[in-house]
Structures are given as C-alpha cells and as structure tokens.
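File shown here: coords29.txt, holding compact mmCIF, C-alpha atoms.
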```txt
# COMPACT_ATOMS: atom_id res chain seq x y z
CA MET A 19 -58.50 -46.40 -0.52
CA PRO A 20 -55.09 -47.18 -2.06
CA ALA A 21 -53.96 -45.42 -5.21
CA GLU A 22 -54.38 -47.41 -8.40
CA ILE A 23 -53.43 -46.99 -12.04
CA VAL A 24 -56.22 -47.82 -14.47
CA PRO A 25 -55.80 -48.33 -18.25
CA THR A 26 -57.93 -46.21 -20.58
CA GLU A 27 -59.39 -46.99 -23.99
CA ARG A 28 -56.32 -45.36 -25.55
CA ALA A 29 -53.21 -47.52 -25.78
CA GLY A 30 -50.39 -46.11 -23.65
CA ALA A 31 -52.72 -43.86 -21.63
CA PHE A 32 -53.61 -44.40 -17.98
CA VAL A 33 -55.49 -42.76 -15.12
CA LEU A 34 -54.16 -42.53 -11.58
CA ARG A 35 -57.06 -42.87 -9.14
CA MET A 36 -56.66 -41.66 -5.55
CA ASP A 37 -59.26 -41.47 -2.78
CA GLY A 38 -61.87 -42.52 -5.32
CA HIS A 39 -61.05 -39.58 -7.61
CA ASP A 40 -59.41 -39.64 -11.03
CA GLN A 41 -56.36 -37.61 -10.07
CA SER A 42 -54.11 -37.74 -13.13
CA HIS A 43 -54.23 -38.80 -16.77
CA VAL A 44 -50.88 -39.85 -18.21
CA ASP A 45 -50.24 -40.55 -21.90
CA LEU A 46 -46.87 -42.27 -22.08
CA ASP A 47 -46.81 -42.13 -25.88
CA ASP A 48 -47.77 -38.45 -26.09
CA PRO A 49 -46.90 -36.44 -22.95
CA GLY A 50 -48.00 -33.29 -24.76
CA ARG A 51 -51.59 -34.54 -24.69
CA LEU A 52 -53.46 -33.25 -21.63
CA ALA A 53 -56.80 -35.02 -21.36
CA PHE A 54 -58.31 -33.22 -18.35
CA ASP A 55 -59.65 -29.79 -19.29
CA TYR A 56 -58.29 -27.99 -16.23
CA VAL A 57 -54.84 -29.50 -16.78
CA ARG A 58 -54.96 -28.30 -20.38
CA ARG A 59 -55.60 -24.80 -19.03
CA ILE A 60 -52.52 -25.09 -16.82
CA GLY A 61 -50.57 -26.25 -19.86
CA ASP A 62 -51.76 -23.18 -21.76
CA VAL A 63 -50.29 -20.91 -19.08
CA VAL A 64 -47.01 -22.84 -19.12
CA ASP A 65 -46.89 -22.39 -22.90
CA ALA A 66 -47.63 -18.66 -22.63
CA TRP A 67 -44.84 -17.92 -20.14
CA GLY A 68 -41.61 -16.47 -21.54
CA THR A 69 -40.19 -17.77 -24.82
CA PRO A 70 -42.05 -20.81 -26.19
CA GLY A 71 -39.99 -23.95 -25.87
CA ALA A 72 -37.29 -22.35 -23.69
CA PRO A 73 -36.27 -24.20 -20.52
CA ALA A 74 -37.98 -23.09 -17.32
CA ARG A 75 -37.38 -23.61 -13.62
CA VAL A 76 -40.60 -25.10 -12.30
CA LEU A 77 -41.69 -26.03 -8.79
CA HIS A 78 -44.71 -28.32 -8.58
CA VAL A 79 -46.63 -28.51 -5.30
CA GLY A 80 -48.43 -31.83 -5.71
CA GLY A 81 -47.27 -34.53 -8.10
CA ALA A 82 -49.68 -37.48 -8.37
CA GLY A 83 -49.07 -39.01 -11.83
CA LEU A 84 -46.52 -36.31 -12.73
CA THR A 85 -48.57 -35.33 -15.77
CA LEU A 86 -47.57 -31.66 -15.73
CA PRO A 87 -43.86 -32.27 -15.10
CA ARG A 88 -43.89 -34.69 -18.05
CA TYR A 89 -45.60 -32.01 -20.16
CA VAL A 90 -43.00 -29.39 -19.27
CA ALA A 91 -40.16 -31.82 -20.00
CA HIS A 92 -41.74 -32.52 -23.39
CA THR A 93 -42.56 -28.94 -24.41
CA ARG A 94 -39.61 -27.20 -22.72
CA PRO A 95 -36.67 -29.64 -22.86
CA ARG A 96 -33.83 -29.16 -20.35
CA SER A 97 -36.17 -27.58 -17.82
CA ALA A 98 -35.21 -28.03 -14.17
CA GLN A 99 -38.22 -29.28 -12.23
CA VAL A 100 -38.81 -30.14 -8.60
CA VAL A 101 -41.99 -31.85 -7.42
CA LEU A 102 -43.14 -31.73 -3.79
CA GLU A 103 -45.24 -34.86 -3.22
CA PRO A 104 -45.63 -36.22 0.32
CA ALA A 105 -47.24 -39.51 -0.76
CA ALA A 106 -44.04 -41.48 -1.35
CA ASP A 107 -46.03 -44.67 -1.99
CA VAL A 108 -47.88 -42.98 -4.84
CA THR A 109 -44.64 -41.69 -6.35
CA GLU A 110 -43.15 -45.19 -6.14
CA LEU A 111 -46.22 -46.66 -7.86
CA VAL A 112 -46.09 -44.05 -10.62
CA ARG A 113 -42.34 -44.43 -11.19
CA ARG A 114 -42.75 -48.21 -11.42
CA GLU A 115 -45.81 -48.41 -13.67
CA LEU A 116 -45.62 -45.07 -15.52
CA PRO A 117 -41.85 -44.45 -15.69
CA LEU A 118 -40.47 -41.02 -16.44
CA PRO A 119 -38.45 -40.48 -19.62
CA ARG A 120 -34.69 -40.76 -19.24
CA GLN A 121 -32.94 -37.50 -18.33
CA SER A 122 -36.31 -35.81 -17.75
CA GLY A 123 -34.86 -33.27 -15.32
CA ILE A 124 -37.70 -34.08 -12.87
CA LYS A 125 -36.81 -34.51 -9.19
CA VAL A 126 -39.47 -35.64 -6.71
CA ARG A 127 -39.08 -34.77 -3.03
CA PRO A 128 -41.22 -36.73 -0.50
CA VAL A 129 -42.33 -33.67 1.48
CA ASP A 130 -45.50 -31.65 1.90
CA GLY A 131 -45.89 -28.32 0.15
CA ARG A 132 -45.16 -26.00 3.05
CA SER A 133 -42.10 -27.94 4.24
CA GLY A 134 -40.77 -28.19 0.72
CA LEU A 135 -41.38 -24.51 -0.01
CA ALA A 136 -39.38 -23.47 3.04
CA ALA A 137 -36.29 -25.18 1.59
CA VAL A 138 -36.49 -23.49 -1.84
CA ARG A 139 -34.09 -20.61 -2.52
CA ASP A 140 -35.37 -17.05 -2.96
CA GLY A 141 -36.09 -16.07 -6.57
CA SER A 142 -35.12 -19.49 -7.93
CA GLN A 143 -38.33 -20.47 -9.77
CA ASP A 144 -39.96 -19.24 -12.98
CA LEU A 145 -43.24 -21.06 -12.37
CA VAL A 146 -44.85 -22.45 -9.23
CA VAL A 147 -47.67 -24.86 -10.07
CA VAL A 148 -49.94 -25.82 -7.18
CA ASP A 149 -52.14 -28.79 -8.05
CA ALA A 150 -52.49 -30.61 -4.75
CA PHE A 151 -55.33 -32.54 -3.17
CA ALA A 152 -55.95 -34.49 0.02
CA ASP A 153 -59.14 -36.55 0.10
CA GLY A 154 -60.26 -34.71 -3.03
CA ARG A 155 -59.87 -31.23 -1.52
CA VAL A 156 -57.22 -28.52 -1.85
CA PRO A 157 -55.35 -28.39 1.50
CA GLY A 158 -56.02 -25.26 3.52
CA ASP A 159 -52.38 -24.64 4.39
CA LEU A 160 -51.57 -24.04 0.70
CA VAL A 161 -53.98 -21.09 0.28
CA THR A 162 -53.13 -18.78 3.18
CA ALA A 163 -51.54 -15.34 3.11
CA GLU A 164 -48.40 -16.77 4.72
CA CYS A 165 -48.14 -19.47 2.07
CA ALA A 166 -48.74 -16.92 -0.71
CA ALA A 167 -45.80 -14.93 0.66
CA GLU A 168 -43.68 -18.08 0.33
CA TYR A 169 -44.79 -18.55 -3.28
CA ALA A 170 -43.80 -14.95 -3.99
CA ARG A 171 -40.46 -15.39 -2.22
CA VAL A 172 -39.34 -18.28 -4.43
CA LEU A 173 -40.53 -16.74 -7.71
CA ALA A 174 -38.00 -14.99 -9.93
CA ALA A 175 -38.76 -11.68 -11.64
CA GLY A 176 -41.51 -12.27 -14.17
CA GLY A 177 -42.43 -15.56 -12.54
CA LEU A 178 -45.98 -16.84 -12.21
CA LEU A 179 -47.98 -18.75 -9.62
CA LEU A 180 -50.55 -21.21 -11.01
CA LEU A 181 -53.00 -22.32 -8.34
CA ASN A 182 -55.66 -24.92 -9.13
CA LEU A 183 -58.76 -24.37 -6.99
CA THR A 184 -62.06 -26.24 -6.77
CA ASP A 185 -65.26 -24.49 -5.73
CA ALA A 186 -68.84 -23.69 -6.66
CA ALA A 187 -70.80 -20.44 -6.87
CA PRO A 188 -70.96 -18.12 -4.97
CA PHE A 189 -67.23 -18.98 -4.48
CA ALA A 190 -66.96 -18.00 -0.82
CA TRP A 191 -63.85 -20.15 -0.37
CA THR A 192 -62.16 -18.90 -3.56
CA ARG A 193 -62.78 -15.29 -2.57
CA ARG A 194 -60.67 -15.81 0.53
CA VAL A 195 -57.91 -17.52 -1.47
CA VAL A 196 -57.82 -14.67 -4.00
CA ALA A 197 -57.52 -12.12 -1.19
CA ALA A 198 -54.63 -14.06 0.35
CA VAL A 199 -52.74 -14.41 -2.94
CA ARG A 200 -53.25 -10.81 -4.02
CA ALA A 201 -51.53 -9.56 -0.87
CA ALA A 202 -48.27 -11.06 -2.17
CA LEU A 203 -48.81 -11.24 -5.95
CA PRO A 204 -51.18 -8.43 -7.00
CA ALA A 205 -51.43 -9.14 -10.75
CA THR A 206 -54.10 -11.82 -11.21
CA MET A 207 -56.24 -13.61 -13.75
CA LEU A 208 -58.58 -16.57 -13.47
CA SER A 209 -59.84 -19.18 -15.91
CA ALA A 210 -62.76 -21.57 -15.62
CA GLU A 211 -65.43 -23.35 -17.62
CA PRO A 212 -68.40 -21.07 -18.37
CA ALA A 213 -70.81 -23.44 -16.59
CA THR A 214 -68.78 -23.17 -13.38
CA LEU A 215 -68.71 -19.37 -13.51
CA ARG A 216 -72.46 -19.29 -14.13
CA GLY A 217 -73.08 -21.41 -11.06
CA ARG A 218 -74.41 -24.42 -12.93
CA ARG A 219 -71.89 -26.86 -11.46
CA PRO A 220 -68.77 -27.01 -9.29
CA GLY A 221 -65.45 -27.03 -11.09
CA ASN A 222 -61.81 -26.08 -11.27
CA LEU A 223 -60.80 -22.44 -11.17
CA LEU A 224 -57.21 -21.72 -12.19
CA LEU A 225 -55.83 -18.64 -10.44
CA VAL A 226 -52.69 -17.19 -12.07
CA ALA A 227 -50.77 -14.50 -10.22
CA GLY A 228 -47.57 -12.51 -10.60
CA ARG A 229 -45.93 -9.37 -9.33
CA ASP A 230 -46.43 -7.22 -12.41
CA ALA A 231 -48.27 -8.92 -15.27
CA VAL A 232 -50.10 -12.08 -16.29
CA PRO A 233 -50.62 -13.30 -19.90
CA VAL A 234 -54.31 -12.44 -20.22
CA ALA A 235 -54.31 -11.74 -23.99
CA ALA A 236 -52.41 -14.92 -24.88
CA LEU A 237 -54.67 -17.03 -22.69
CA ARG A 238 -57.81 -15.53 -24.16
CA THR A 239 -56.62 -16.51 -27.62
CA ARG A 240 -56.00 -20.05 -26.47
CA ALA A 241 -59.31 -20.15 -24.61
CA ALA A 242 -61.22 -19.25 -27.75
CA THR A 243 -59.44 -21.69 -30.06
CA GLY A 244 -58.93 -24.80 -27.93
CA ALA A 245 -60.92 -28.01 -28.07
CA ALA A 246 -62.64 -27.13 -24.77
CA PRO A 247 -63.32 -23.37 -24.71
CA TYR A 248 -63.08 -21.62 -21.36
CA ARG A 249 -63.32 -18.11 -19.97
CA VAL A 250 -60.41 -15.95 -18.88
CA LEU A 251 -61.08 -13.19 -16.36
CA ASP A 252 -58.72 -10.22 -16.12
CA ALA A 253 -57.91 -8.46 -12.85
CA ALA A 254 -61.02 -6.30 -12.86
CA GLN A 255 -63.25 -9.27 -13.65
CA VAL A 256 -61.53 -11.31 -10.93
CA SER A 257 -62.48 -8.55 -8.47
CA ASP A 258 -66.07 -8.50 -9.73
CA THR A 259 -66.49 -12.28 -9.70
CA VAL A 260 -64.42 -13.58 -6.78
CA GLY A 261 -63.28 -10.44 -4.99
CA GLY A 262 -64.17 -9.03 -1.59
CA GLY A 263 -63.02 -11.93 0.54
CA ARG A 264 -61.13 -11.94 3.82
CA PRO A 265 -57.69 -13.55 3.36
CA PHE A 266 -57.10 -16.99 4.78
CA THR A 267 -54.27 -17.13 7.31
CA ASP A 268 -52.44 -20.03 8.89
CA ALA A 269 -54.54 -19.48 12.00
CA ASP A 270 -57.81 -19.31 10.06
CA THR A 271 -58.05 -21.50 7.00
CA ALA A 272 -60.01 -24.39 5.48
CA PRO A 273 -59.63 -26.85 2.62
CA SER A 274 -61.67 -26.39 -0.54
CA PRO A 275 -65.34 -27.43 -0.31
CA ALA A 276 -66.09 -31.11 -0.90
CA GLN A 277 -67.33 -31.61 -4.44
CA ARG A 278 -70.51 -33.65 -4.86
```

Any chance you could give the structure as structure tokens?
Amino acid sequence: MPAEIVPTERAGAFVLRMDGHDQSHVDLDDPGRLAFDYVRRIGDVVDAWGTPGAPARVLHVGGAGLTLPRYVAHTRPRSAQVVLEPAADVTELVRRELPLPRQSGIKVRPVDGRSGLAAVRDGSQDLVVVDAFADGRVPGDLVTAECAAEYARVLAAGGLLLLNLTDAAPFAWTRRVVAAVRAALPATMLSAEPATLRGRRPGNLLLVAGRDAVPVAALRTRAATGAAPYRVLDAAQVSDTVGGGRPFTDADTAPSPAQR
C-alpha cells in the first residue's frame, strides 16, 4: 500500500499513512504540537535533556513525516539533525507536500538504520531517537545487542538513546530488547500508558537509556502534568516489569509483535 498524506480536521495538520497505519502527524503551523501520545513522550525526553532550548546533535533512525526533527528544530533552534530513512519515495512525498522550514538543519539520508549508524562518527550525537517501523513493526535488526553497542558508540558523554517499542503484556519481546540495550547503556527508564502496563491493551513503550543517568524525576513531573498522563518506570521498576530477558543478537532476533 503506497504512503499517503491525509488532511485532518485541523487546518495545516496532516497524517502520513503507511502500510495502513497512521505513521506520523505533522502540524505545519505549529511544529511544537505533538498529537500522538507516544510522540509527545519522546518530545518530553528531548525537552528534559541538557539545557532547555539549547541546540542538540540528534540522530533519528526512522523519519516518516519528520515530525520529531521538525519538533527539535522548533524547540532547539540551530540543532544539527540527521535522519536515516530508507524509504526515499516517502521522504520525497513528505518534502513535496509537507515541506521542511527553511534552514531547518535537518538532513535526510536514504539508508537503513544499521547502514547509516555505521557511518556516524564516535561520540558525535547527543540524542539517538529510534522510531522506525516496517509493515507496522519495529525491525529486529534495530534492537539487538550489536546494534545497541552502535548506539552507545555514537553517543557523546551524557547522551541518551530513545527507543520506541510496541508490545503487549507480558512483554516477552521487550524484555529481550531491554536486556540487549542494558549491556551497552546500563542506565534505563521506561514510559508507557497505564493501560498498556496493566496488560489491558498493546501500546508504545519508550525505553530511554544512557551510560550514567536518565532524567527520571523530570519525566515524572511531565508525566503527571501533561494532557495525557503516563507512567515513568525507574531502573528498578524496569527490572521488575520488563527485566529478565535474554538479549537479542544479530543471529537471533525478531521484529516487534504485530499489533491487532
């Protein structure tokens, strides 16, 4: 099914639909508005990193409608951003119908995540945001121990990995991802909607990882005060909820479960 851009009820706002899934929501008039709840949670982490409003070096694995790069360009002007998006036809569609602001600092490379990661310099990124899907599932090659080591390699001191996962209780797949990431980036936290954590429905789980620390306190404040409250699990709670898995490796991996 080809990608398509669909207008919404809000003037200037559009949805990019891929593989039958609403992949991105883009508000051309207000790039600081993040309509999807899980994207808002990613935005909260971006806001919590470092000095608010200061430029950041950001690597995005997965681009789609370029919602998050637009958000960073809006909230952290002069940021240097690189997007790894293998679907060149989708990027062309988005650039044509949902053009980026002038001098946005956003560069899109038509390569897959692993190939693009291999070309990134050591310690050159403040944030690595992984929000990638193929046929509605997170690709298995982006959640292995070897790939986690690559994320860690390109992160600067104090940098963070933001990894958007999709799963349902009892989170067997996520447990293996967490184990793989922790081998390279031991400081972790996880956010999700309460209904997903309680096993009532599948959903997005945002895993945030770093070498030394993650902004748990700041995210808990945002989680309690935002329009769509969510839960933030610290390292101990991550272990209790999605710990105990066997790490995925390049020789033994799988994409995220299909969501019904």

Rounded to one decimal, what separation in Å do you get between atom CA of Ala254 of chain A and atom CA of Arg200 of chain A?
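One can read the atom CA of Ala254 of chain A to atom CA of Arg200 of chain A distance as 12.6 Å.
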
Pick from A:Ala246, A:Ala276, A:Ala202, A:Ala137, whichever lies nearest to Asp55 of chain A using all atoms listed in the file:
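Closest candidate: A:Ala246.
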
Select, from A:Gly141, A:Leu118, A:Arg127, A:Pro220, the residue with the minimum atom-to-atom distance to Ala106 of chain A, counting all atoms listed in the file.
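Ranking A:Gly141, A:Leu118, A:Arg127, A:Pro220 by distance to Ala106 of chain A, first place goes to A:Arg127.
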
Do you know which residues are at most 12 Å from Ala98 of chain A counting all atoms listed in the file, after dropping those on the same chain fewer than 3 positions away, and could you put them as a PDB file with C-alpha atoms, keeping the file's coordinate frame?
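Writing the result to part_9.pdb gives the following:
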```pdb
ATOM      1  CA  ALA A  72     -37.290 -22.350 -23.690  1.00  0.00           C
ATOM      2  CA  PRO A  73     -36.270 -24.200 -20.520  1.00  0.00           C
ATOM      3  CA  ALA A  74     -37.980 -23.090 -17.320  1.00  0.00           C
ATOM      4  CA  ARG A  75     -37.380 -23.610 -13.620  1.00  0.00           C
ATOM      5  CA  VAL A  76     -40.600 -25.100 -12.300  1.00  0.00           C
ATOM      6  CA  LEU A  77     -41.690 -26.030  -8.790  1.00  0.00           C
ATOM      7  CA  HIS A  78     -44.710 -28.320  -8.580  1.00  0.00           C
ATOM      8  CA  PRO A  87     -43.860 -32.270 -15.100  1.00  0.00           C
ATOM      9  CA  ARG A  88     -43.890 -34.690 -18.050  1.00  0.00           C
ATOM     10  CA  VAL A  90     -43.000 -29.390 -19.270  1.00  0.00           C
ATOM     11  CA  ALA A  91     -40.160 -31.820 -20.000  1.00  0.00           C
ATOM     12  CA  ARG A  94     -39.610 -27.200 -22.720  1.00  0.00           C
ATOM     13  CA  PRO A  95     -36.670 -29.640 -22.860  1.00  0.00           C
ATOM     14  CA  VAL A 101     -41.990 -31.850  -7.420  1.00  0.00           C
ATOM     15  CA  GLN A 121     -32.940 -37.500 -18.330  1.00  0.00           C
ATOM     16  CA  SER A 122     -36.310 -35.810 -17.750  1.00  0.00           C
ATOM     17  CA  GLY A 123     -34.860 -33.270 -15.320  1.00  0.00           C
ATOM     18  CA  ILE A 124     -37.700 -34.080 -12.870  1.00  0.00           C
ATOM     19  CA  LYS A 125     -36.810 -34.510  -9.190  1.00  0.00           C
ATOM     20  CA  VAL A 126     -39.470 -35.640  -6.710  1.00  0.00           C
ATOM     21  CA  SER A 142     -35.120 -19.490  -7.930  1.00  0.00           C
ATOM     22  CA  GLN A 143     -38.330 -20.470  -9.770  1.00  0.00           C
ATOM     23  CA  ASP A 144     -39.960 -19.240 -12.980  1.00  0.00           C
ATOM     24  CA  LEU A 145     -43.240 -21.060 -12.370  1.00  0.00           C
TER      25      LEU A 145
END
```

Proximity to Leu84 of chain A - best of A:Asp62, A:Glu110, A:Glu27, A:Asp270, only C-alpha atoms
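Among the listed residues, A:Glu110 lies closest to Leu84 of chain A.
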
Mind giving me the straight-line distance from atom CA of Gly61 of chain A to atom CA of Gly262 of chain A in Å, one decimal?
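Computing it gives 28.6 Å between the two atoms.
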
Could you please determine the separation between atom CA of His92 of chain A and atom CA of Arg58 of chain A in Å, to one decimal place?
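It comes out at 14.2 Å.
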